[in-house]
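Below: one structure, written as structure tokens.
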Amino acid sequence: MKSINRILFFIQLYGKQLQKKWKSLLLLFVFPVFLVSIVAFIIVTFISPTSDSSINVAIVDEDDTEETRMIRSFLQTSFSQDGYIELIVMPQEEALKKIEENQIVAYIKLPKTFTDSMYQGAPLTVPIVGNSKRPSESYIVKELVESLTKYIESAQANILTVYDYARKTEMSDSDFQTYRYNAFIEFTLFTLAKDQLVKEEVITNIATSSPANYFALSGWFIAISIWFFGFYELLKREEHPAILHRLHLFGVTPWQYSISRIIVSMICSILLAMISFTILMRVLDIQLYGIDYLRIFQYVFLYGLLLVVGLTIIEVWIKSMKLSLLLQILFLLIVMITSGSIFPSIYLPMSIQQFLPLIFSNEVFSWMVDIVLEERNYAEFASLYIKAIMGLVVLWASTVVKKRWT
């Protein structure tokens, strides 16, 4: 009971301390909003996708037979419906010139022996000349041509089986040529059309598909991070060692005034965060249910608690105020960067991305994006509550151990 009374006393004391710093509170509210607005505008400018993102590929048909004209016509029709790859027929000299001018990604060459190789069952070779200035897109074309070759070879096996049986009949040469061509058309079109030439997997990057909403939410997340940090630092008091010693004689422990400071900074920050979040949803015209606001409140609470507990642990173990503040700022930056709010997680190195789900800030922000922007109708809090409990236990153990050492 005495411990609770002492915590309530320090909560009241810290509340009065905040009232005396109303000018600093006003600056604390305005500064993150101003800073985030500028940074978000710059990031959106660089990350927003361009309107023309198609891959231009040339096809050089040196064989120029009915069969190759049919294949290239089929490919042009298929890719035009997709909208991401544009296939253009042109001579080899023009294709080389356009590669030098960086107007096409690559060109595909159908050699003179292409049709004969098809009918004779010989291995098909389709040369590709890529653009060295655009290696990633050239690699896509390479994969595309390899898929095309595999599908045609599959049709080739069926065609050769039909030819073998057709030759055993009393069919004339002219009838056989007509039958061979019709079989080629039938089996090739069937094989190419029975499945997707390139298996398509749509990966939605919400940062580029809806940049305004995404970076508005990111800016709000950065702002609340600064508010949690700012309120916590405003409550910092440099007590004289003699006063601290006297407090210890009265039974006051570092845990009691540390948890009181955490509670006050949490209450102020969460209140400001939820009010600003509600306003943001109205501005962006995003409709959320009451349960969604409750979920966001829990994520804000857990995120703020873990963040402030981390700041407190640093302060408990680092005696120098300047060094402690430097490490706290570094901790805050790491938390915000790994969250994906400053830079979307998809743009971070792959070696880092695999560890991001283990970091509480990334987990919280990912769930916020899912609920607000992707209309996720469920949420998971178990791992965050476990981390919060572990953080409080570590903080309590740190205050106990540090007290005994001093």
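All residue names refer to the structure tokens as shown: chains lettered A, B, ... in order, residues numbered from 1 in each chain, ligands numbered from 1 in order.
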Trp317 (chain A) surroundings by only C-alpha atoms, 10 Å radius, close-in-sequence under 2 positions cut, as a list in words:
Thr312, Ile313, Ile314, Glu315, Lys319, Ser320, Ser324, Ser398, Thr399, Val401 and Lys402 of chain A
Could you tell me, as a count of residues only, which residues of region 88-138 of chain A DSSP assigns to strand (DSSP E) when given the backbone?
10
Proximity to Ile371 (chain A) - best of A:Arg282, A:Arg295, A:Lys98, A:Lys387, only C-alpha atoms:
A:Arg295
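The shell of residues at most 10 Å from Phe355 (chain A), with only C-alpha atoms counted and near chain neighbours (fewer than 5 positions) removed, consists of A:Thr338, A:Met350, A:Asn362.
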Could you pull the residues within 12 Å of Phe221 (chain A), counting only C-alpha atoms, minus those fewer than 3 positions along the same chain, as a short mmCIF file (atom, residue, chain, number, x, y, z; two decimals) with all heavy atoms, in the first residue's frame?
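Below you can see selection.cif, which holds the result:
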data_model
loop_
_atom_site.label_atom_id
_atom_site.label_comp_id
_atom_site.auth_asym_id
_atom_site.auth_seq_id
_atom_site.Cartn_x
_atom_site.Cartn_y
_atom_site.Cartn_z
N PRO A 32 7.22 17.73 -34.10
CA PRO A 32 7.12 16.49 -34.88
C PRO A 32 6.23 16.62 -36.10
O PRO A 32 6.53 16.06 -37.16
CB PRO A 32 6.52 15.49 -33.87
CG PRO A 32 6.81 16.06 -32.54
CD PRO A 32 6.78 17.55 -32.71
N VAL A 33 5.12 17.35 -35.96
CA VAL A 33 4.20 17.51 -37.10
C VAL A 33 4.89 18.25 -38.24
O VAL A 33 4.80 17.86 -39.41
CB VAL A 33 2.94 18.28 -36.65
CG1 VAL A 33 2.03 18.53 -37.84
CG2 VAL A 33 2.21 17.52 -35.55
N VAL A 36 7.82 15.91 -39.70
CA VAL A 36 7.30 14.75 -40.42
C VAL A 36 6.68 15.18 -41.75
O VAL A 36 6.81 14.48 -42.77
CB VAL A 36 6.27 14.01 -39.55
CG1 VAL A 36 5.46 13.03 -40.40
CG2 VAL A 36 6.98 13.27 -38.43
N ALA A 40 8.02 13.51 -45.12
CA ALA A 40 7.07 12.70 -45.88
C ALA A 40 6.93 13.20 -47.32
O ALA A 40 6.86 12.41 -48.26
CB ALA A 40 5.71 12.71 -45.19
N TYR A 214 -0.23 5.97 -46.88
CA TYR A 214 0.83 5.25 -46.18
C TYR A 214 1.76 6.21 -45.45
O TYR A 214 2.06 6.02 -44.26
CB TYR A 214 1.64 4.41 -47.18
CG TYR A 214 2.80 3.67 -46.55
CD1 TYR A 214 2.60 2.43 -45.96
CD2 TYR A 214 4.08 4.23 -46.51
CE1 TYR A 214 3.66 1.75 -45.37
CE2 TYR A 214 5.13 3.55 -45.92
CZ TYR A 214 4.91 2.31 -45.35
OH TYR A 214 5.95 1.65 -44.74
N PHE A 215 2.21 7.26 -46.13
CA PHE A 215 3.16 8.17 -45.49
C PHE A 215 2.48 9.10 -44.49
O PHE A 215 3.15 9.63 -43.60
CB PHE A 215 3.93 8.96 -46.55
CG PHE A 215 4.97 8.11 -47.24
CD1 PHE A 215 4.78 7.67 -48.54
CD2 PHE A 215 6.12 7.72 -46.58
CE1 PHE A 215 5.71 6.88 -49.18
CE2 PHE A 215 7.07 6.93 -47.20
CZ PHE A 215 6.86 6.51 -48.50
N ALA A 216 1.19 9.30 -44.63
CA ALA A 216 0.46 10.04 -43.59
C ALA A 216 0.45 9.22 -42.31
O ALA A 216 0.69 9.75 -41.21
CB ALA A 216 -0.96 10.34 -44.05
N LEU A 217 0.18 7.91 -42.43
CA LEU A 217 0.22 7.03 -41.26
C LEU A 217 1.64 6.90 -40.72
O LEU A 217 1.84 6.88 -39.50
CB LEU A 217 -0.33 5.64 -41.64
CG LEU A 217 -0.47 4.63 -40.50
CD1 LEU A 217 -1.50 5.12 -39.47
CD2 LEU A 217 -0.87 3.26 -41.03
N SER A 218 2.62 6.84 -41.62
CA SER A 218 4.03 6.78 -41.19
C SER A 218 4.41 8.04 -40.41
O SER A 218 5.08 7.96 -39.37
CB SER A 218 4.94 6.63 -42.41
OG SER A 218 4.67 5.45 -43.10
N ILE A 224 4.20 10.16 -32.93
CA ILE A 224 3.92 9.62 -31.59
C ILE A 224 5.18 9.08 -30.94
O ILE A 224 5.32 9.11 -29.71
CB ILE A 224 2.81 8.55 -31.63
CG1 ILE A 224 3.28 7.29 -32.37
CG2 ILE A 224 1.54 9.09 -32.24
CD1 ILE A 224 2.30 6.13 -32.25
N SER A 225 6.12 8.58 -31.77
CA SER A 225 7.41 8.13 -31.22
C SER A 225 8.14 9.30 -30.57
O SER A 225 8.70 9.18 -29.47
CB SER A 225 8.27 7.50 -32.32
OG SER A 225 7.61 6.43 -32.95
N ILE A 226 8.14 10.43 -31.27
CA ILE A 226 8.80 11.63 -30.72
C ILE A 226 8.05 12.14 -29.50
O ILE A 226 8.66 12.62 -28.54
CB ILE A 226 8.89 12.72 -31.80
CG1 ILE A 226 9.76 12.24 -32.97
CG2 ILE A 226 9.45 14.02 -31.23
CD1 ILE A 226 9.80 13.19 -34.15
N TRP A 227 6.71 12.03 -29.49
CA TRP A 227 5.94 12.46 -28.32
C TRP A 227 6.24 11.60 -27.11
O TRP A 227 6.41 12.12 -26.01
CB TRP A 227 4.44 12.42 -28.65
CG TRP A 227 4.02 13.52 -29.56
CD1 TRP A 227 4.61 14.75 -29.70
CD2 TRP A 227 2.93 13.51 -30.50
NE1 TRP A 227 3.97 15.50 -30.65
CE2 TRP A 227 2.93 14.77 -31.16
CE3 TRP A 227 1.95 12.58 -30.84
CZ2 TRP A 227 2.00 15.10 -32.13
CZ3 TRP A 227 1.02 12.89 -31.81
CH2 TRP A 227 1.05 14.14 -32.44
N PHE A 228 6.31 10.30 -27.28
CA PHE A 228 6.67 9.43 -26.16
C PHE A 228 8.05 9.79 -25.61
O PHE A 228 8.24 9.89 -24.40
CB PHE A 228 6.66 7.96 -26.59
CG PHE A 228 5.31 7.31 -26.59
CD1 PHE A 228 4.71 6.91 -27.78
CD2 PHE A 228 4.64 7.10 -25.40
CE1 PHE A 228 3.45 6.32 -27.77
CE2 PHE A 228 3.37 6.50 -25.39
CZ PHE A 228 2.78 6.11 -26.58
N SER A 269 1.11 11.02 -23.77
CA SER A 269 1.43 10.66 -25.16
C SER A 269 0.28 9.92 -25.83
O SER A 269 -0.06 10.19 -26.99
CB SER A 269 2.70 9.80 -25.20
OG SER A 269 3.79 10.48 -24.63
N ILE A 270 -0.33 8.98 -25.12
CA ILE A 270 -1.43 8.20 -25.69
C ILE A 270 -2.63 9.09 -25.96
O ILE A 270 -3.29 8.97 -27.01
CB ILE A 270 -1.81 7.04 -24.75
CG1 ILE A 270 -0.70 5.99 -24.73
CG2 ILE A 270 -3.12 6.39 -25.20
CD1 ILE A 270 -0.92 4.86 -23.74
N LEU A 272 -2.60 12.30 -26.68
CA LEU A 272 -2.27 13.09 -27.86
C LEU A 272 -2.28 12.22 -29.12
O LEU A 272 -2.74 12.66 -30.18
CB LEU A 272 -0.90 13.74 -27.66
CG LEU A 272 -0.50 14.88 -28.61
CD1 LEU A 272 -1.53 16.00 -28.55
CD2 LEU A 272 0.88 15.40 -28.25
N ALA A 273 -1.80 10.99 -29.00
CA ALA A 273 -1.73 10.09 -30.16
C ALA A 273 -3.11 9.73 -30.67
O ALA A 273 -3.36 9.75 -31.88
CB ALA A 273 -0.95 8.82 -29.78
N MET A 274 -4.03 9.40 -29.78
CA MET A 274 -5.37 8.97 -30.21
C MET A 274 -6.18 10.15 -30.76
O MET A 274 -6.96 9.96 -31.70
CB MET A 274 -6.10 8.31 -29.04
CG MET A 274 -5.49 6.98 -28.61
SD MET A 274 -5.17 5.82 -29.98
CE MET A 274 -6.83 5.54 -30.61
N SER A 276 -4.90 12.80 -32.30
CA SER A 276 -4.34 13.08 -33.63
C SER A 276 -4.69 11.98 -34.63
O SER A 276 -4.90 12.23 -35.82
CB SER A 276 -2.82 13.24 -33.53
OG SER A 276 -2.21 12.06 -33.02
N PHE A 277 -4.77 10.72 -34.17
CA PHE A 277 -5.13 9.62 -35.06
C PHE A 277 -6.56 9.77 -35.56
O PHE A 277 -6.84 9.55 -36.75
CB PHE A 277 -4.97 8.27 -34.33
CG PHE A 277 -5.37 7.09 -35.15
CD1 PHE A 277 -4.53 6.59 -36.14
CD2 PHE A 277 -6.60 6.47 -34.95
CE1 PHE A 277 -4.91 5.50 -36.91
CE2 PHE A 277 -6.98 5.37 -35.71
CZ PHE A 277 -6.13 4.89 -36.69
N LEU A 280 -6.61 12.42 -38.14
CA LEU A 280 -5.97 11.94 -39.36
C LEU A 280 -6.92 11.07 -40.17
O LEU A 280 -6.99 11.19 -41.41
CB LEU A 280 -4.70 11.14 -39.02
CG LEU A 280 -3.89 10.58 -40.19
CD1 LEU A 280 -3.32 11.72 -41.03
CD2 LEU A 280 -2.78 9.66 -39.70
N ILE A 296 -6.09 -0.10 -32.40
CA ILE A 296 -5.01 0.89 -32.56
C ILE A 296 -4.58 1.41 -31.19
O ILE A 296 -3.37 1.60 -30.94
CB ILE A 296 -5.48 2.05 -33.46
CG1 ILE A 296 -5.73 1.55 -34.90
CG2 ILE A 296 -4.46 3.18 -33.46
CD1 ILE A 296 -4.49 1.06 -35.61
N TYR A 299 -2.27 -1.08 -29.63
CA TYR A 299 -0.94 -1.07 -30.26
C TYR A 299 -0.16 0.17 -29.85
O TYR A 299 1.06 0.10 -29.64
CB TYR A 299 -1.08 -1.14 -31.78
CG TYR A 299 -1.35 -2.54 -32.29
CD1 TYR A 299 -2.50 -2.82 -33.03
CD2 TYR A 299 -0.48 -3.58 -32.02
CE1 TYR A 299 -2.76 -4.10 -33.48
CE2 TYR A 299 -0.73 -4.86 -32.47
CZ TYR A 299 -1.87 -5.12 -33.20
OH TYR A 299 -2.12 -6.40 -33.64
N VAL A 300 -0.83 1.32 -29.76
CA VAL A 300 -0.14 2.53 -29.31
C VAL A 300 0.33 2.35 -27.87
O VAL A 300 1.47 2.72 -27.52
CB VAL A 300 -1.09 3.75 -29.41
CG1 VAL A 300 -0.47 4.97 -28.72
CG2 VAL A 300 -1.37 4.08 -30.87
N TYR A 303 3.29 -0.21 -27.86
CA TYR A 303 4.47 0.40 -28.48
C TYR A 303 5.09 1.45 -27.55
O TYR A 303 6.30 1.45 -27.33
CB TYR A 303 4.09 1.05 -29.80
CG TYR A 303 5.19 1.87 -30.42
CD1 TYR A 303 6.35 1.27 -30.90
CD2 TYR A 303 5.10 3.26 -30.50
CE1 TYR A 303 7.37 2.02 -31.46
CE2 TYR A 303 6.11 4.02 -31.07
CZ TYR A 303 7.24 3.40 -31.54
OH TYR A 303 8.26 4.15 -32.08
N GLY A 304 4.26 2.33 -27.01
CA GLY A 304 4.76 3.37 -26.11
C GLY A 304 5.39 2.78 -24.86
O GLY A 304 6.44 3.26 -24.39
N VAL A 335 14.65 2.22 -33.40
CA VAL A 335 13.26 1.76 -33.30
C VAL A 335 12.42 2.28 -34.47
O VAL A 335 11.65 1.54 -35.08
CB VAL A 335 12.65 2.20 -31.95
CG1 VAL A 335 11.13 2.03 -31.96
CG2 VAL A 335 13.25 1.40 -30.81
N MET A 336 12.58 3.55 -34.80
CA MET A 336 11.77 4.14 -35.89
C MET A 336 12.20 3.61 -37.26
O MET A 336 11.35 3.34 -38.12
CB MET A 336 11.87 5.66 -35.85
CG MET A 336 11.15 6.30 -34.68
SD MET A 336 10.92 8.09 -34.85
CE MET A 336 12.62 8.66 -34.88
N ILE A 337 13.50 3.45 -37.49
CA ILE A 337 13.98 2.97 -38.79
C ILE A 337 13.53 1.52 -39.03
O ILE A 337 13.06 1.18 -40.11
CB ILE A 337 15.51 3.09 -38.88
CG1 ILE A 337 15.91 4.57 -38.95
CG2 ILE A 337 16.04 2.35 -40.10
CD1 ILE A 337 17.40 4.80 -38.85
N SER A 339 11.02 0.08 -37.81
CA SER A 339 9.56 -0.05 -37.85
C SER A 339 9.03 -0.07 -39.27
O SER A 339 7.96 -0.62 -39.54
CB SER A 339 8.91 1.11 -37.07
OG SER A 339 9.09 2.34 -37.76
N GLY A 340 9.75 0.56 -40.20
CA GLY A 340 9.27 0.67 -41.57
C GLY A 340 8.51 1.95 -41.82
O GLY A 340 7.95 2.14 -42.90
N SER A 341 8.48 2.84 -40.84
CA SER A 341 7.75 4.11 -41.01
C SER A 341 8.60 5.16 -41.74
O SER A 341 8.06 5.93 -42.52
CB SER A 341 7.32 4.65 -39.64
OG SER A 341 8.43 4.82 -38.78
N ILE A 342 9.89 5.19 -41.48
CA ILE A 342 10.77 6.14 -42.18
C ILE A 342 11.07 5.63 -43.58
O ILE A 342 10.90 6.35 -44.58
CB ILE A 342 12.07 6.36 -41.38
CG1 ILE A 342 11.75 7.01 -40.03
CG2 ILE A 342 13.03 7.25 -42.16
CD1 ILE A 342 12.96 7.25 -39.16
N SER A 361 8.67 -2.54 -32.78
CA SER A 361 8.19 -1.40 -33.55
C SER A 361 7.71 -1.82 -34.94
O SER A 361 6.71 -1.32 -35.44
CB SER A 361 9.28 -0.34 -33.67
OG SER A 361 10.44 -0.88 -34.29
N ASN A 362 8.42 -2.76 -35.56
CA ASN A 362 8.02 -3.25 -36.88
C ASN A 362 6.72 -4.02 -36.80
O ASN A 362 5.85 -3.89 -37.67
CB ASN A 362 9.13 -4.14 -37.46
CG ASN A 362 8.83 -4.59 -38.87
OD1 ASN A 362 8.24 -5.64 -39.08
ND2 ASN A 362 9.24 -3.80 -39.84
N VAL A 364 4.32 -3.60 -34.54
CA VAL A 364 3.23 -2.67 -34.27
C VAL A 364 2.84 -1.91 -35.54
O VAL A 364 1.66 -1.82 -35.89
CB VAL A 364 3.63 -1.68 -33.15
CG1 VAL A 364 2.64 -0.51 -33.07
CG2 VAL A 364 3.72 -2.39 -31.82
N PHE A 365 3.83 -1.36 -36.24
CA PHE A 365 3.53 -0.56 -37.43
C PHE A 365 2.92 -1.42 -38.53
O PHE A 365 2.02 -0.96 -39.25
CB PHE A 365 4.79 0.14 -37.93
CG PHE A 365 4.54 1.08 -39.07
CD1 PHE A 365 3.82 2.26 -38.87
CD2 PHE A 365 5.00 0.80 -40.34
CE1 PHE A 365 3.57 3.12 -39.93
CE2 PHE A 365 4.76 1.66 -41.40
CZ PHE A 365 4.04 2.82 -41.18
N SER A 366 3.38 -2.65 -38.68
CA SER A 366 2.82 -3.55 -39.70
C SER A 366 1.35 -3.82 -39.43
O SER A 366 0.52 -3.81 -40.36
CB SER A 366 3.60 -4.87 -39.73
OG SER A 366 4.94 -4.65 -40.11
N MET A 368 -0.67 -1.87 -37.71
CA MET A 368 -1.39 -0.62 -37.94
C MET A 368 -1.69 -0.42 -39.42
O MET A 368 -2.80 -0.02 -39.80
CB MET A 368 -0.58 0.56 -37.40
CG MET A 368 -0.56 0.67 -35.89
SD MET A 368 0.41 2.11 -35.35
CE MET A 368 0.09 2.08 -33.60
N VAL A 369 -0.71 -0.69 -40.27
CA VAL A 369 -0.91 -0.57 -41.72
C VAL A 369 -1.99 -1.55 -42.18
O VAL A 369 -2.86 -1.20 -42.99
CB VAL A 369 0.42 -0.83 -42.47
CG1 VAL A 369 0.17 -0.95 -43.97
CG2 VAL A 369 1.40 0.30 -42.20
#
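Atom to atom, CA of Phe114 (chain A) and CA of Thr77 (chain A) stand 20.8 Å apart.
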CA of Gly230 (chain A) to CA of Gly310 (chain A): how many Å, to one decimal?
14.0 Å
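Between Glu66 (chain A) and the candidates A:Trp396, A:Asn182, A:Val89, A:Ile359, the tightest atom-to-atom separation, counting only C-alpha atoms, involves A:Asn182.
Picture a line from CA of Thr115 (chain A) to CA of Asn131 (chain A); it runs 26.9 Å.
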Residue contacts of region 138-140 of chain A (8 Å, only C-alpha atoms) excluding same-chain residues fewer than 6 positions away, as an NGL selection string:
:A and (105-106 or 130-132)
Residue subset to file, keeping C-alpha atoms, as a CSV table (one decimal), in the first residue's frame:
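Saved to part-v6.csv:
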chain,number,residue,atom,x,y,z
A,105,VAL,CA,15.4,-3.6,-72.6
A,106,ALA,CA,16.4,-6.4,-74.9
A,130,GLY,CA,20.2,-7.6,-73.3
A,131,ASN,CA,20.6,-4.0,-72.4
A,132,SER,CA,23.6,-3.6,-70.0
With a distance cut-off of 8 Å and only C-alpha atoms, select the neighbouring residues of Leu124 (chain A), excluding the residue or stretch itself and same-chain residues fewer than 4 positions from it, and output the selection as a PyMOL selection string.
chain A and resi 114+117-118+149+153
For N, CA and C atoms, I'd like the residues from the last selection saved as a CSV table (one decimal), in the first residue's frame.
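Generated output (selection13.csv):
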chain,number,residue,atom,x,y,z
A,114,PHE,N,14.7,-21.7,-87.3
A,114,PHE,CA,13.7,-21.9,-86.1
A,114,PHE,C,12.6,-22.9,-86.5
A,117,SER,N,13.9,-26.4,-87.3
A,117,SER,CA,14.3,-27.1,-86.0
A,117,SER,C,13.0,-27.6,-85.3
A,118,MET,N,12.0,-26.8,-85.4
A,118,MET,CA,10.7,-27.3,-84.8
A,118,MET,C,10.2,-28.6,-85.4
A,149,THR,N,10.5,-21.1,-74.5
A,149,THR,CA,11.2,-22.2,-75.2
A,149,THR,C,10.7,-23.6,-74.6
A,153,GLU,N,8.9,-26.5,-76.8
A,153,GLU,CA,9.5,-27.8,-76.8
A,153,GLU,C,8.5,-28.9,-76.4
